[in-house]
$ cat coords_2.cif   # mmCIF, C-alpha atoms, pLDDT in the B column; chains and numbers go by the auth columns
data_work
loop_
_atom_site.group_PDB
_atom_site.id
_atom_site.type_symbol
_atom_site.label_atom_id
_atom_site.label_comp_id
_atom_site.label_asym_id
_atom_site.label_seq_id
_atom_site.Cartn_x
_atom_site.Cartn_y
_atom_site.Cartn_z
_atom_site.B_iso_or_equiv
_atom_site.auth_seq_id
_atom_site.auth_asym_id
ATOM 1 C CA LYS A 1 -1.987 19.525 6.526 58.00 86 A
ATOM 2 C CA ASN A 2 -1.503 15.890 5.529 69.00 87 A
ATOM 3 C CA GLU A 3 1.376 14.061 7.149 88.00 88 A
ATOM 4 C CA VAL A 4 2.545 12.870 3.729 93.00 89 A
ATOM 5 C CA GLU A 5 2.481 15.223 0.748 94.00 90 A
ATOM 6 C CA GLN A 6 3.381 14.240 -2.784 96.00 91 A
ATOM 7 C CA SER A 7 4.188 16.533 -5.666 96.00 92 A
ATOM 8 C CA PRO A 8 3.251 16.974 -8.339 97.00 93 A
ATOM 9 C CA GLN A 9 -0.230 15.447 -8.194 95.00 94 A
ATOM 10 C CA ASN A 10 -0.194 14.943 -11.957 97.00 95 A
ATOM 11 C CA LEU A 11 2.733 14.828 -14.337 98.00 96 A
ATOM 12 C CA THR A 12 2.747 14.419 -18.105 98.00 97 A
ATOM 13 C CA ALA A 13 6.043 14.001 -19.928 97.00 98 A
ATOM 14 C CA GLN A 14 7.447 12.877 -23.255 98.00 99 A
ATOM 15 C CA GLU A 15 9.022 9.488 -23.672 98.00 100 A
ATOM 16 C CA GLY A 16 12.695 9.600 -22.745 97.00 101 A
ATOM 17 C CA GLU A 17 12.424 12.422 -20.226 98.00 102 A
ATOM 18 C CA PHE A 18 13.924 12.230 -16.740 98.00 103 A
ATOM 19 C CA ILE A 19 11.129 12.140 -14.171 98.00 104 A
ATOM 20 C CA THR A 20 11.194 13.250 -10.545 98.00 105 A
ATOM 21 C CA ILE A 21 8.376 12.661 -8.075 98.00 106 A
ATOM 22 C CA ASN A 22 8.632 14.112 -4.601 98.00 107 A
ATOM 23 C CA CYS A 23 7.395 13.013 -1.199 97.00 108 A
ATOM 24 C CA SER A 24 7.571 15.194 1.908 97.00 109 A
ATOM 25 C CA TYR A 25 6.487 14.128 5.362 95.00 110 A
ATOM 26 C CA SER A 26 6.082 15.882 8.658 91.00 111 A
ATOM 27 C CA VAL A 27 6.694 13.125 11.212 84.00 112 A
ATOM 28 C CA GLY A 28 9.766 11.229 12.294 86.00 113 A
ATOM 29 C CA ILE A 29 9.928 7.985 10.388 87.00 114 A
ATOM 30 C CA SER A 30 11.721 4.683 10.520 84.00 115 A
ATOM 31 C CA ALA A 31 11.271 3.874 6.832 88.00 116 A
ATOM 32 C CA LEU A 32 9.660 5.053 3.612 92.00 117 A
ATOM 33 C CA HIS A 33 8.004 2.945 0.944 93.00 118 A
ATOM 34 C CA TRP A 34 7.440 3.702 -2.752 96.00 119 A
ATOM 35 C CA LEU A 35 4.698 1.846 -4.631 95.00 120 A
ATOM 36 C CA GLN A 36 3.404 1.855 -8.194 97.00 121 A
ATOM 37 C CA GLN A 37 -0.264 1.418 -9.047 95.00 122 A
ATOM 38 C CA HIS A 38 -0.956 0.422 -12.638 93.00 123 A
ATOM 39 C CA PRO A 39 -3.911 1.804 -14.608 88.00 124 A
ATOM 40 C CA GLY A 40 -5.704 -1.507 -14.078 85.00 125 A
ATOM 41 C CA GLY A 41 -5.429 -1.090 -10.306 86.00 126 A
ATOM 42 C CA GLY A 42 -2.650 -3.540 -9.483 91.00 127 A
ATOM 43 C CA ILE A 43 -0.120 -2.347 -6.898 93.00 128 A
ATOM 44 C CA VAL A 44 3.577 -3.157 -6.953 93.00 129 A
ATOM 45 C CA SER A 45 6.054 -2.392 -4.218 92.00 130 A
ATOM 46 C CA LEU A 46 9.087 -0.579 -5.666 94.00 131 A
ATOM 47 C CA PHE A 47 11.412 0.371 -2.826 90.00 132 A
ATOM 48 C CA MET A 48 11.659 0.489 0.894 89.00 133 A
ATOM 49 C CA LEU A 49 14.380 2.727 2.283 89.00 134 A
ATOM 50 C CA SER A 50 15.414 4.302 5.536 88.00 135 A
ATOM 51 C CA SER A 51 18.513 6.170 4.369 90.00 136 A
ATOM 52 C CA GLY A 52 20.540 7.021 1.294 93.00 137 A
ATOM 53 C CA LYS A 53 19.631 5.776 -2.113 95.00 138 A
ATOM 54 C CA LYS A 54 18.385 2.646 -3.868 94.00 139 A
ATOM 55 C CA LYS A 55 18.377 1.805 -7.566 95.00 140 A
ATOM 56 C CA HIS A 56 16.461 -0.787 -9.528 93.00 141 A
ATOM 57 C CA GLY A 57 16.764 -0.653 -13.284 96.00 142 A
ATOM 58 C CA ARG A 58 15.683 2.817 -14.421 97.00 143 A
ATOM 59 C CA LEU A 59 14.206 3.689 -11.038 97.00 144 A
ATOM 60 C CA ILE A 60 16.139 5.481 -8.320 97.00 145 A
ATOM 61 C CA ALA A 61 14.820 6.397 -4.886 97.00 146 A
ATOM 62 C CA THR A 62 16.547 8.751 -2.478 97.00 147 A
ATOM 63 C CA ILE A 63 15.730 9.869 1.013 96.00 148 A
ATOM 64 C CA ASN A 64 16.959 12.745 3.184 95.00 149 A
ATOM 65 C CA ILE A 65 15.931 12.023 6.752 91.00 150 A
ATOM 66 C CA GLN A 66 16.981 15.454 8.061 92.00 151 A
ATOM 67 C CA GLU A 67 14.898 17.278 5.448 94.00 152 A
ATOM 68 C CA LYS A 68 12.014 14.774 5.718 94.00 153 A
ATOM 69 C CA HIS A 69 11.973 14.320 1.957 96.00 154 A
ATOM 70 C CA SER A 70 12.229 11.517 -0.563 97.00 155 A
ATOM 71 C CA SER A 71 12.383 11.531 -4.347 98.00 156 A
ATOM 72 C CA LEU A 72 11.638 8.879 -6.917 98.00 157 A
ATOM 73 C CA HIS A 73 13.435 9.305 -10.232 98.00 158 A
ATOM 74 C CA ILE A 74 12.783 7.534 -13.509 98.00 159 A
ATOM 75 C CA THR A 75 15.445 7.725 -16.176 97.00 160 A
ATOM 76 C CA ALA A 76 14.665 7.312 -19.889 97.00 161 A
ATOM 77 C CA SER A 77 10.933 7.242 -19.190 97.00 162 A
ATOM 78 C CA HIS A 78 8.701 4.988 -21.263 97.00 163 A
ATOM 79 C CA PRO A 79 4.927 4.856 -21.790 97.00 164 A
ATOM 80 C CA ARG A 80 4.807 1.667 -19.711 95.00 165 A
ATOM 81 C CA ASP A 81 5.931 3.790 -16.725 97.00 166 A
ATOM 82 C CA SER A 82 2.531 5.505 -16.815 97.00 167 A
ATOM 83 C CA ALA A 83 0.989 4.779 -13.427 97.00 168 A
ATOM 84 C CA VAL A 84 0.220 6.316 -10.059 97.00 169 A
ATOM 85 C CA TYR A 85 3.250 6.437 -7.772 97.00 170 A
ATOM 86 C CA ILE A 86 2.522 6.345 -4.070 96.00 171 A
ATOM 87 C CA CYS A 87 4.783 7.012 -1.126 95.00 172 A
ATOM 88 C CA ALA A 88 4.126 5.736 2.378 93.00 173 A
ATOM 89 C CA VAL A 89 5.927 6.398 5.627 91.00 174 A
ATOM 90 C CA ILE A 90 6.301 4.193 8.668 88.00 175 A
ATOM 91 C CA GLY A 91 6.564 6.272 11.777 84.00 176 A
ATOM 92 C CA GLY A 92 4.812 7.403 14.883 79.00 177 A
ATOM 93 C CA ILE A 93 2.178 5.549 16.842 78.00 178 A
ATOM 94 C CA SER A 94 -1.397 5.091 15.720 76.00 179 A
ATOM 95 C CA ASN A 95 -4.459 5.751 17.875 77.00 180 A
ATOM 96 C CA PHE A 96 -4.420 2.043 18.686 74.00 181 A
ATOM 97 C CA GLY A 97 -0.881 1.999 20.005 75.00 182 A
ATOM 98 C CA ASN A 98 0.691 0.322 16.993 75.00 183 A
ATOM 99 C CA GLU A 99 3.286 1.530 14.544 78.00 184 A
ATOM 100 C CA LYS A 100 1.686 3.900 12.074 83.00 185 A
ATOM 101 C CA LEU A 101 1.697 3.656 8.287 86.00 186 A
ATOM 102 C CA THR A 102 0.618 6.751 6.353 89.00 187 A
ATOM 103 C CA PHE A 103 0.189 6.943 2.599 92.00 188 A
ATOM 104 C CA GLY A 104 0.355 9.884 0.262 93.00 189 A
ATOM 105 C CA THR A 105 -2.436 10.309 -2.266 92.00 190 A
ATOM 106 C CA GLY A 106 -0.165 9.560 -5.181 95.00 191 A
ATOM 107 C CA THR A 107 1.310 11.183 -8.277 97.00 192 A
ATOM 108 C CA ARG A 108 -0.332 10.288 -11.570 97.00 193 A
ATOM 109 C CA LEU A 109 2.363 9.979 -14.240 98.00 194 A
ATOM 110 C CA THR A 110 1.578 9.859 -17.947 97.00 195 A
ATOM 111 C CA ILE A 111 4.357 9.291 -20.473 97.00 196 A
ATOM 112 C CA ILE A 112 3.482 10.231 -24.028 97.00 197 A
ATOM 113 C CA PRO A 113 5.190 8.319 -26.856 96.00 198 A
ATOM 114 C CA ASN B 1 3.188 -19.493 -7.525 69.00 190 B
ATOM 115 C CA ALA B 2 -0.104 -17.635 -7.488 78.00 191 B
ATOM 116 C CA GLY B 3 1.316 -14.943 -5.187 93.00 192 B
ATOM 117 C CA VAL B 4 -1.471 -13.121 -3.340 96.00 193 B
ATOM 118 C CA THR B 5 -5.045 -13.880 -4.315 96.00 194 B
ATOM 119 C CA GLN B 6 -8.258 -12.254 -3.136 97.00 195 B
ATOM 120 C CA THR B 7 -11.801 -13.597 -3.175 96.00 196 B
ATOM 121 C CA PRO B 8 -14.193 -12.253 -4.378 96.00 197 B
ATOM 122 C CA LYS B 9 -13.142 -9.697 -6.993 95.00 198 B
ATOM 123 C CA PHE B 10 -16.433 -7.789 -6.880 96.00 199 B
ATOM 124 C CA ARG B 11 -19.340 -7.719 -4.470 96.00 200 B
ATOM 125 C CA VAL B 12 -22.460 -5.663 -3.942 97.00 201 B
ATOM 126 C CA LEU B 13 -24.039 -5.709 -0.489 96.00 202 B
ATOM 127 C CA LYS B 14 -27.056 -4.108 1.078 97.00 203 B
ATOM 128 C CA THR B 15 -26.653 -2.101 4.252 97.00 204 B
ATOM 129 C CA GLY B 16 -26.580 -4.419 7.241 97.00 205 B
ATOM 130 C CA GLN B 17 -25.455 -7.507 5.378 97.00 206 B
ATOM 131 C CA SER B 18 -22.310 -9.329 6.370 96.00 207 B
ATOM 132 C CA MET B 19 -19.501 -10.779 4.302 95.00 208 B
ATOM 133 C CA THR B 20 -15.954 -12.094 4.498 97.00 209 B
ATOM 134 C CA LEU B 21 -13.125 -11.259 2.149 97.00 210 B
ATOM 135 C CA LEU B 22 -10.489 -13.928 1.799 97.00 211 B
ATOM 136 C CA CYS B 23 -6.817 -13.278 1.167 97.00 212 B
ATOM 137 C CA ALA B 24 -4.461 -16.147 0.457 97.00 213 B
ATOM 138 C CA GLN B 25 -0.707 -16.161 -0.154 97.00 214 B
ATOM 139 C CA ASP B 26 1.550 -19.022 -1.145 96.00 215 B
ATOM 140 C CA MET B 27 4.905 -17.383 -0.394 94.00 216 B
ATOM 141 C CA ASN B 28 5.094 -18.452 3.263 94.00 217 B
ATOM 142 C CA HIS B 29 5.074 -14.807 4.363 93.00 218 B
ATOM 143 C CA GLU B 30 4.751 -13.989 8.014 91.00 219 B
ATOM 144 C CA TYR B 31 3.154 -10.555 7.595 91.00 220 B
ATOM 145 C CA MET B 32 -0.229 -9.878 6.016 94.00 221 B
ATOM 146 C CA TYR B 33 -2.222 -6.662 5.679 94.00 222 B
ATOM 147 C CA TRP B 34 -5.653 -5.395 4.701 97.00 223 B
ATOM 148 C CA TYR B 35 -5.989 -1.941 3.130 96.00 224 B
ATOM 149 C CA ARG B 36 -8.819 0.085 1.723 97.00 225 B
ATOM 150 C CA GLN B 37 -8.425 2.615 -1.058 95.00 226 B
ATOM 151 C CA ASP B 38 -10.838 5.477 -1.544 93.00 227 B
ATOM 152 C CA PRO B 39 -10.709 8.265 -4.146 86.00 228 B
ATOM 153 C CA GLY B 40 -8.666 11.237 -2.972 81.00 229 B
ATOM 154 C CA MET B 41 -7.658 9.561 0.293 83.00 230 B
ATOM 155 C CA GLY B 42 -4.988 7.099 -0.660 85.00 231 B
ATOM 156 C CA LEU B 43 -4.510 3.697 0.860 92.00 232 B
ATOM 157 C CA ARG B 44 -5.323 3.188 4.521 94.00 233 B
ATOM 158 C CA LEU B 45 -4.344 0.251 6.683 93.00 234 B
ATOM 159 C CA ILE B 46 -7.311 -1.517 8.282 95.00 235 B
ATOM 160 C CA HIS B 47 -5.735 -4.440 10.162 95.00 236 B
ATOM 161 C CA TYR B 48 -2.553 -6.393 9.892 92.00 237 B
ATOM 162 C CA SER B 49 -1.005 -9.590 11.183 92.00 238 B
ATOM 163 C CA VAL B 50 2.601 -10.348 11.994 88.00 239 B
ATOM 164 C CA GLY B 51 2.061 -14.080 12.312 90.00 240 B
ATOM 165 C CA GLU B 52 -0.412 -16.918 12.510 92.00 241 B
ATOM 166 C CA GLY B 53 -2.900 -16.342 15.292 92.00 242 B
ATOM 167 C CA THR B 54 -2.007 -12.660 15.780 91.00 243 B
ATOM 168 C CA THR B 55 -3.750 -9.538 14.496 93.00 244 B
ATOM 169 C CA ALA B 56 -3.422 -5.814 15.161 91.00 245 B
ATOM 170 C CA LYS B 57 -5.374 -2.683 14.372 91.00 246 B
ATOM 171 C CA GLY B 58 -4.265 -0.322 11.657 90.00 247 B
ATOM 172 C CA GLU B 59 -5.524 3.175 11.028 89.00 248 B
ATOM 173 C CA VAL B 60 -9.195 2.466 10.280 93.00 249 B
ATOM 174 C CA PRO B 61 -10.242 -0.796 11.987 94.00 250 B
ATOM 175 C CA ASP B 62 -13.751 0.159 13.093 95.00 251 B
ATOM 176 C CA GLY B 63 -16.473 -1.931 11.465 96.00 252 B
ATOM 177 C CA TYR B 64 -14.059 -4.690 10.461 97.00 253 B
ATOM 178 C CA ASN B 65 -12.803 -7.850 12.078 96.00 254 B
ATOM 179 C CA VAL B 66 -9.973 -10.108 10.972 97.00 255 B
ATOM 180 C CA SER B 67 -8.646 -13.559 11.618 97.00 256 B
ATOM 181 C CA ARG B 68 -5.403 -15.344 10.783 96.00 257 B
ATOM 182 C CA LEU B 69 -6.027 -18.955 11.740 94.00 258 B
ATOM 183 C CA LYS B 70 -3.630 -20.252 9.094 95.00 259 B
ATOM 184 C CA LYS B 71 -0.389 -18.616 8.040 95.00 260 B
ATOM 185 C CA GLN B 72 -1.405 -18.458 4.394 97.00 261 B
ATOM 186 C CA ASN B 73 -4.851 -16.910 4.924 97.00 262 B
ATOM 187 C CA PHE B 74 -6.011 -13.561 6.265 98.00 263 B
ATOM 188 C CA LEU B 75 -9.746 -12.969 6.451 98.00 264 B
ATOM 189 C CA LEU B 76 -11.460 -9.583 6.625 98.00 265 B
ATOM 190 C CA GLY B 77 -15.019 -9.563 7.917 97.00 266 B
ATOM 191 C CA LEU B 78 -17.735 -6.957 7.747 96.00 267 B
ATOM 192 C CA GLU B 79 -20.404 -7.848 10.307 91.00 268 B
ATOM 193 C CA SER B 80 -22.931 -5.180 9.328 95.00 269 B
ATOM 194 C CA ALA B 81 -21.955 -3.406 6.131 95.00 270 B
ATOM 195 C CA ALA B 82 -22.453 0.345 5.795 96.00 271 B
ATOM 196 C CA PRO B 83 -22.302 2.569 2.682 96.00 272 B
ATOM 197 C CA SER B 84 -19.125 4.155 4.135 96.00 273 B
ATOM 198 C CA GLN B 85 -17.425 0.803 3.591 97.00 274 B
ATOM 199 C CA THR B 86 -17.826 1.071 -0.156 97.00 275 B
ATOM 200 C CA SER B 87 -14.229 0.905 -1.319 97.00 276 B
ATOM 201 C CA VAL B 88 -11.579 -1.133 -3.050 96.00 277 B
ATOM 202 C CA TYR B 89 -9.910 -3.518 -0.619 98.00 278 B
ATOM 203 C CA PHE B 90 -6.360 -4.715 -1.095 97.00 279 B
ATOM 204 C CA CYS B 91 -4.586 -7.463 0.731 97.00 280 B
ATOM 205 C CA ALA B 92 -0.802 -7.663 0.883 95.00 281 B
ATOM 206 C CA SER B 93 1.843 -9.882 2.379 93.00 282 B
ATOM 207 C CA SER B 94 5.531 -9.551 3.124 90.00 283 B
ATOM 208 C CA ARG B 95 8.409 -11.522 4.476 87.00 284 B
ATOM 209 C CA ARG B 96 9.665 -10.750 7.932 76.00 285 B
ATOM 210 C CA ASP B 97 13.166 -9.440 7.496 66.00 286 B
ATOM 211 C CA ARG B 98 14.592 -7.784 10.598 63.00 287 B
ATOM 212 C CA GLY B 99 13.746 -5.302 13.285 58.00 288 B
ATOM 213 C CA PRO B 100 10.424 -4.203 14.695 57.00 289 B
ATOM 214 C CA LEU B 101 9.138 -2.347 11.639 63.00 290 B
ATOM 215 C CA LEU B 102 5.540 -2.663 10.535 67.00 291 B
ATOM 216 C CA ILE B 103 6.803 -3.454 7.054 67.00 292 B
ATOM 217 C CA THR B 104 10.217 -5.044 6.889 65.00 293 B
ATOM 218 C CA ASP B 105 10.440 -6.120 3.292 71.00 294 B
ATOM 219 C CA THR B 106 8.830 -5.840 -0.122 82.00 295 B
ATOM 220 C CA GLN B 107 5.048 -6.086 0.001 88.00 296 B
ATOM 221 C CA TYR B 108 3.165 -8.211 -2.501 92.00 297 B
ATOM 222 C CA PHE B 109 -0.346 -7.035 -3.234 94.00 298 B
ATOM 223 C CA GLY B 110 -3.444 -8.901 -4.295 96.00 299 B
ATOM 224 C CA PRO B 111 -5.541 -7.690 -7.237 95.00 300 B
ATOM 225 C CA GLY B 112 -8.148 -5.999 -5.051 96.00 301 B
ATOM 226 C CA THR B 113 -11.820 -6.489 -4.230 96.00 302 B
ATOM 227 C CA ARG B 114 -14.302 -3.828 -5.311 96.00 303 B
ATOM 228 C CA LEU B 115 -17.077 -3.667 -2.707 97.00 304 B
ATOM 229 C CA THR B 116 -20.199 -1.578 -3.034 97.00 305 B
ATOM 230 C CA VAL B 117 -22.621 -1.221 -0.132 97.00 306 B
ATOM 231 C CA LEU B 118 -26.035 0.122 -1.088 96.00 307 B
#

$ encode --input "coords_2.cif" --output "structure tokens"
Amino acid sequence: KNEVEQSPQNLTAQEGEFITINCSYSVGISALHWLQQHPGGGIVSLFMLSSGKKKHGRLIATINIQEKHSSLHITASHPRDSAVYICAVIGGISNFGNEKLTFGTGTRLTIIP
Amino acid sequence: NAGVTQTPKFRVLKTGQSMTLLCAQDMNHEYMYWYRQDPGMGLRLIHYSVGEGTTAKGEVPDGYNVSRLKKQNFLLGLESAAPSQTSVYFCASSRRDRGPLLITDTQYFGPGTRLTVL
């Protein structure tokens, strides 16, 4: 079982719909990171959070440390939101004795006009 | 500001050849990172640096070496390339904010380098 699981793997929705992408993890973490990868490959950091909720424009990220779960919400979705959304957790110690960073494999979101 | 730039954008190597990927940032960030991205596996951290002259191993450091001689540059070297190193490589940088976290603030990513090893 992967340490970081995202669901769904693929999501197609109509423009304007409310979108939820989920990230579950199995290790204790100190922080969680949401990223967006555009169809052209470019990666943008969206949020980093260790508790509660953060909002930026139409994007909202929440985290529940006790349940080991985070969600990324997009309100009033738009075709330009089409991208792969990736969650990453910082927690545990790597095989080399350093803080460990583990990525999920991403959720591919397609918004249809 | 150019942000984070990577050189080259594409490269094809033969097995056993060596090369260096250059990452440069003009944001005066303390932290820099090298990742590789492979289909179905997500991003994986290769090496990172929390300051000039310091480097540390990430999840998959074997077969790679790095150097951070100047704050703005982070070099990733492949001494003897192998087909398993065929991947897209991303560099990123971030500001040091607070605490001991591996990532303390927003990361800024370069455009990526697509490397193929034959």

$ resolve_selection --input "coords_2.cif" --expression "the PyMOL selection byres ((chain A and resi 96-112) around 7)" --output "number ranges by chain"
A: 88-95, 113-114, 153-164, 172, 176, 193-198

$ residues_around --input "coords_2.cif" --residues "B:Met208" --least-positions-apart "3" --cutoff "7 Å" --atoms "all atoms listed in the file" --output "PyMOL selection string"
chain B and resi 266-268

$ resolve_selection --input "coords_2.cif" --expression "the PyMOL selection byres ((chain B) within 10 of (chain A))" --output "ChimeraX atom specification"
/B:226-234,245-250,277,279,281,289-301

$ atom_distance --input "coords_2.cif" --atom1 "atom CA of B:Thr275" --atom2 "atom CA of B:Thr204"
10.4 Å

$ atom_distance --input "coords_2.cif" --atom1 "atom CA of B:Tyr220" --atom2 "atom CA of B:Thr194"
14.8 Å

$ atom_distance --input "coords_2.cif" --atom1 "atom CA of B:Leu210" --atom2 "atom CA of B:Lys259"
14.8 Å

$ resolve_selection --input "coords_2.cif" --expression "the PyMOL selection byres ((chain B and resi 238) around 7)" --output "ChimeraX atom specification"
/B:220-222,237,239-240,243-245

$ closest_residue --input "coords_2.cif" --among "B:Leu258, B:Leu265, B:Val306, B:Leu202" --to "B:Tyr224" --atoms "all atoms listed in the file"
B:Leu265

$ build_atoms --input "coords_2.cif" --residues "stretch 163-172 of chain A" --atoms "all heavy atoms" --output "tab-separated table (two decimals), in the coordinates of the input"
chain	number	residue	atom	x	y	z
A	163	HIS	N	9.37	5.75	-20.20
A	163	HIS	CA	8.70	4.99	-21.26
A	163	HIS	C	7.21	4.98	-20.99
A	163	HIS	O	6.79	5.05	-19.82
A	163	HIS	CB	9.27	3.56	-21.25
A	163	HIS	CG	8.86	2.75	-22.41
A	163	HIS	ND1	7.65	2.07	-22.47
A	163	HIS	CD2	9.48	2.50	-23.59
A	163	HIS	CE1	7.55	1.45	-23.61
A	163	HIS	NE2	8.65	1.68	-24.31
A	164	PRO	N	6.38	4.89	-22.03
A	164	PRO	CA	4.93	4.86	-21.79
A	164	PRO	C	4.49	3.81	-20.77
A	164	PRO	O	3.51	4.01	-20.05
A	164	PRO	CB	4.35	4.59	-23.18
A	164	PRO	CG	5.31	5.25	-24.10
A	164	PRO	CD	6.67	5.03	-23.48
A	165	ARG	N	5.21	2.70	-20.68
A	165	ARG	CA	4.81	1.67	-19.71
A	165	ARG	C	5.05	2.11	-18.27
A	165	ARG	O	4.60	1.45	-17.33
A	165	ARG	CB	5.53	0.36	-19.98
A	165	ARG	CG	7.02	0.39	-19.79
A	165	ARG	CD	7.63	-1.00	-19.93
A	165	ARG	NE	9.09	-0.92	-19.88
A	165	ARG	CZ	9.85	-0.83	-20.96
A	165	ARG	NH1	9.32	-0.84	-22.16
A	165	ARG	NH2	11.16	-0.75	-20.83
A	166	ASP	N	5.76	3.24	-18.08
A	166	ASP	CA	5.93	3.79	-16.73
A	166	ASP	C	4.70	4.56	-16.27
A	166	ASP	O	4.62	4.99	-15.10
A	166	ASP	CB	7.14	4.73	-16.68
A	166	ASP	CG	8.45	4.02	-16.98
A	166	ASP	OD1	8.59	2.84	-16.59
A	166	ASP	OD2	9.32	4.65	-17.61
A	167	SER	N	3.75	4.77	-17.17
A	167	SER	CA	2.53	5.50	-16.82
A	167	SER	C	1.78	4.75	-15.73
A	167	SER	O	1.40	3.58	-15.89
A	167	SER	CB	1.63	5.68	-18.04
A	167	SER	OG	2.28	6.44	-19.03
A	168	ALA	N	1.59	5.42	-14.61
A	168	ALA	CA	0.99	4.78	-13.43
A	168	ALA	C	0.82	5.85	-12.36
A	168	ALA	O	1.23	7.00	-12.54
A	168	ALA	CB	1.89	3.66	-12.91
A	169	VAL	N	0.25	5.45	-11.24
A	169	VAL	CA	0.22	6.32	-10.06
A	169	VAL	C	1.32	5.84	-9.12
A	169	VAL	O	1.40	4.65	-8.81
A	169	VAL	CB	-1.15	6.26	-9.34
A	169	VAL	CG1	-1.11	7.09	-8.06
A	169	VAL	CG2	-2.25	6.77	-10.27
A	170	TYR	N	2.16	6.76	-8.67
A	170	TYR	CA	3.25	6.44	-7.77
A	170	TYR	C	2.90	6.96	-6.38
A	170	TYR	O	2.55	8.13	-6.20
A	170	TYR	CB	4.56	7.03	-8.29
A	170	TYR	CG	5.00	6.35	-9.56
A	170	TYR	CD1	4.49	6.75	-10.80
A	170	TYR	CD2	5.87	5.27	-9.53
A	170	TYR	CE1	4.84	6.09	-11.96
A	170	TYR	CE2	6.24	4.61	-10.70
A	170	TYR	CZ	5.72	5.02	-11.90
A	170	TYR	OH	6.07	4.37	-13.06
A	171	ILE	N	3.00	6.06	-5.43
A	171	ILE	CA	2.52	6.34	-4.07
A	171	ILE	C	3.67	6.20	-3.10
A	171	ILE	O	4.45	5.23	-3.17
A	171	ILE	CB	1.41	5.35	-3.67
A	171	ILE	CG1	0.24	5.44	-4.66
A	171	ILE	CG2	0.93	5.60	-2.25
A	171	ILE	CD1	-0.75	4.27	-4.55
A	172	CYS	N	3.79	7.18	-2.18
A	172	CYS	CA	4.78	7.01	-1.13
A	172	CYS	C	4.07	6.80	0.20
A	172	CYS	O	2.94	7.28	0.40
A	172	CYS	CB	5.77	8.17	-1.12
A	172	CYS	SG	5.63	9.39	0.13
